[in-house]
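Notes follow the structure.
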Amino acid sequence: MDYNNACSKINELSGGFKPEIIVVLGSGLAGFADRVDAKAIIPYGDIPGFGVSTAPYHNGRLILGTVEGKNVACMDGRLHLYEGHAPADLVFPLRVLRKLGAHKIFLTNATGGINTSFKVGDIMLVEDHINFQGRNPLMGKNDEELGVRFPDMTYAYNPELRAIAEKCAADLGIDLKKGVYIACTGPSYETPAEIRAFRILGADAVGMSTVPEVIAAVHCGLKVLTLSLITNMAAGITGNKLTMEEVAETGRKQSLVLGGLVSEIIKRC
Ligand code: HPA
C-alpha cells in the first residue's frame, strides 16, 4: 500500500495539517461535520488510494479542522464491505491518518438494537465486539511498520476513553447504554433467527461496519472509542420490516445529541 502518496497529497491540500483525532461519521452523524472549524475539505476521490463511498447518506470527504481546540480529521462517510471494497482498502484512510500523526479514533455507526432494554434513539458505548463478517483487514502479509502480526484485542475499546465517554454522557444527561457490537457484512438486514442467535452469543446491537476499522486501528496503535446509535430495533423484535429510511430518520433526529457527546469527549480527552 502506498501511504506516502496519500500523505503527501493531504499535506499539500491542507498546508501540513496534523490530525490528532480521527472521527468517523456513520449513517446519521453527518451533522457533526458542521461542528468542525474546517481548514481543508478534501473529496476522497482526490486522495490517491482512498476508495469512494457509494453508501447512501455517506458523503465521501475528509474534513480537516478543529473541534474544541483539537485537530480532528473527520471522515464524512466510510466504506463498507457490502460495497465490494476489499477489507484492506476500507482501512487505508485511517492508516494514512495514523501516519500523519493521529493517535485516537472515534467511530460512530448506526445499529439495530438486539438488547430489548434498548430503545430506538439510544446511544450505546461499545465495550467489545463479535466479528461475524468472516473477514479481517489484517489477513495477508503483515506490515511490521504498522503493527504486530497478532495484535491483542482484550482492550480494543480503550478503557480510559470509555470512562471519559461515560462521564461526559452523565454530565450531559444522556442515558448511555453499554454493550457488545456484532458486525455482519450486510447489505441485507439480518433475519429474526439470526438476531435470536446473536442475542444468545452475547451481542447487544448489530451493524454492517466498524469492526474492520477497529481491528486495523488497534493494530496500528490508535486508541479506539466507538459509539453506536440504535436507529431501529433488530429484525423480528417489533415485527416491523426494517428500512433504510427508518435508520436515516433516527440518525437525523439524534444527530445533535450524538454530535454533542462526541464534541464533549473531544474536549476532555
Ligand atoms: N442491522 C444491521 N445494520 C444496521 C441495522 C440493523 O438492524 N440498523 C442500522 N444498521
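Every chain in the C-alpha cells takes a letter, A first, then B, and so on in the order presented; its residues are numbered from 1, and the ligands are numbered from 1 following the presented order.
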
### Task
Could you give me, as a count of residues only, every polymer residue with an atom at most 9 Å away from an atom of ligand 1, counting only C-alpha atoms and all ligand atoms?
34

### Task
Tell me, as a ChimeraX atom specification, which residues lie within 8 Å of A:Cys7, counting only C-alpha atoms; anything in the same chain fewer than 5 positions away does not count.
/A:96-97,99-100

### Query
Which residues come within 10 Å of stretch 128-143 of chain A, counting only C-alpha atoms, excluding same-chain residues fewer than 6 positions away, as a PyMOL selection string?
chain A and resi 1+81+86-92+149-151+153-158+178-186+198+201-206+208-216+219-220+226

### Task
Just list the residues in stretch 10-184 of chain A DSSP gives helix (DSSP H, G or I) on the backbone, as a ChimeraX atom specification.
/A:10-14,30-35,44-46,81-83,87-99,159-172

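Counting only C-alpha atoms and comparing A:Leu25, A:Phe32, A:His103, A:Asp37, the residue that lies closest to A:Gly77 is A:Leu25.
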
Neighbours of stretch 256-265 of chain A within 7 Å (only C-alpha atoms; same-chain residues fewer than 3 positions away dropped), as a PDB file with C-alpha atoms, in the first residue's frame?
```
ATOM      1  CA  LEU A  29     -23.820  11.560  12.315  1.00  0.00           C
ATOM      2  CA  PHE A  32     -21.220  16.529  13.108  1.00  0.00           C
ATOM      3  CA  VAL A  67     -13.283  20.865  17.310  1.00  0.00           C
ATOM      4  CA  GLU A  68     -12.961  22.175  20.852  1.00  0.00           C
ATOM      5  CA  ILE A 164     -14.374   9.718  29.754  1.00  0.00           C
ATOM      6  CA  ALA A 165     -17.361   8.979  27.492  1.00  0.00           C
ATOM      7  CA  CYS A 168     -19.426  13.168  29.580  1.00  0.00           C
ATOM      8  CA  ALA A 169     -22.736  11.385  28.963  1.00  0.00           C
ATOM      9  CA  ARG A 268     -11.974  16.266  27.700  1.00  0.00           C
ATOM     10  CA  CYS A 269      -9.645  13.681  26.196  1.00  0.00           C
TER      11      CYS A 269
END
```

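If only C-alpha atoms are the atoms counted, then among A:Asp122, A:Thr54, A:Pro43, A:Leu13 the closest residue to A:Tyr82 is A:Thr54.
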
### Task
From stretch 50-152 of chain A, collect each residue whose DSSP state is strand (DSSP E) and return the set as JSON, numbers by chain.
{"A": [61, 62, 63, 64, 65, 66, 67, 70, 71, 72, 73, 74, 75, 76, 104, 105, 106, 107, 108, 109, 110, 111, 112, 113, 123, 124, 125, 126, 127, 128, 129, 130, 131]}

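Straight-line separation from atom CA of A:Glu194 to atom CA of A:Thr116: 15.1 Å.
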
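What separates atom CA of A:Glu83 from atom CA of A:Asn115 is a distance of 27.6 Å.
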
### Separation of atom CA of A:Asp34 from atom CA of A:Ser255, in Å and rounded to one decimal
11.0 Å
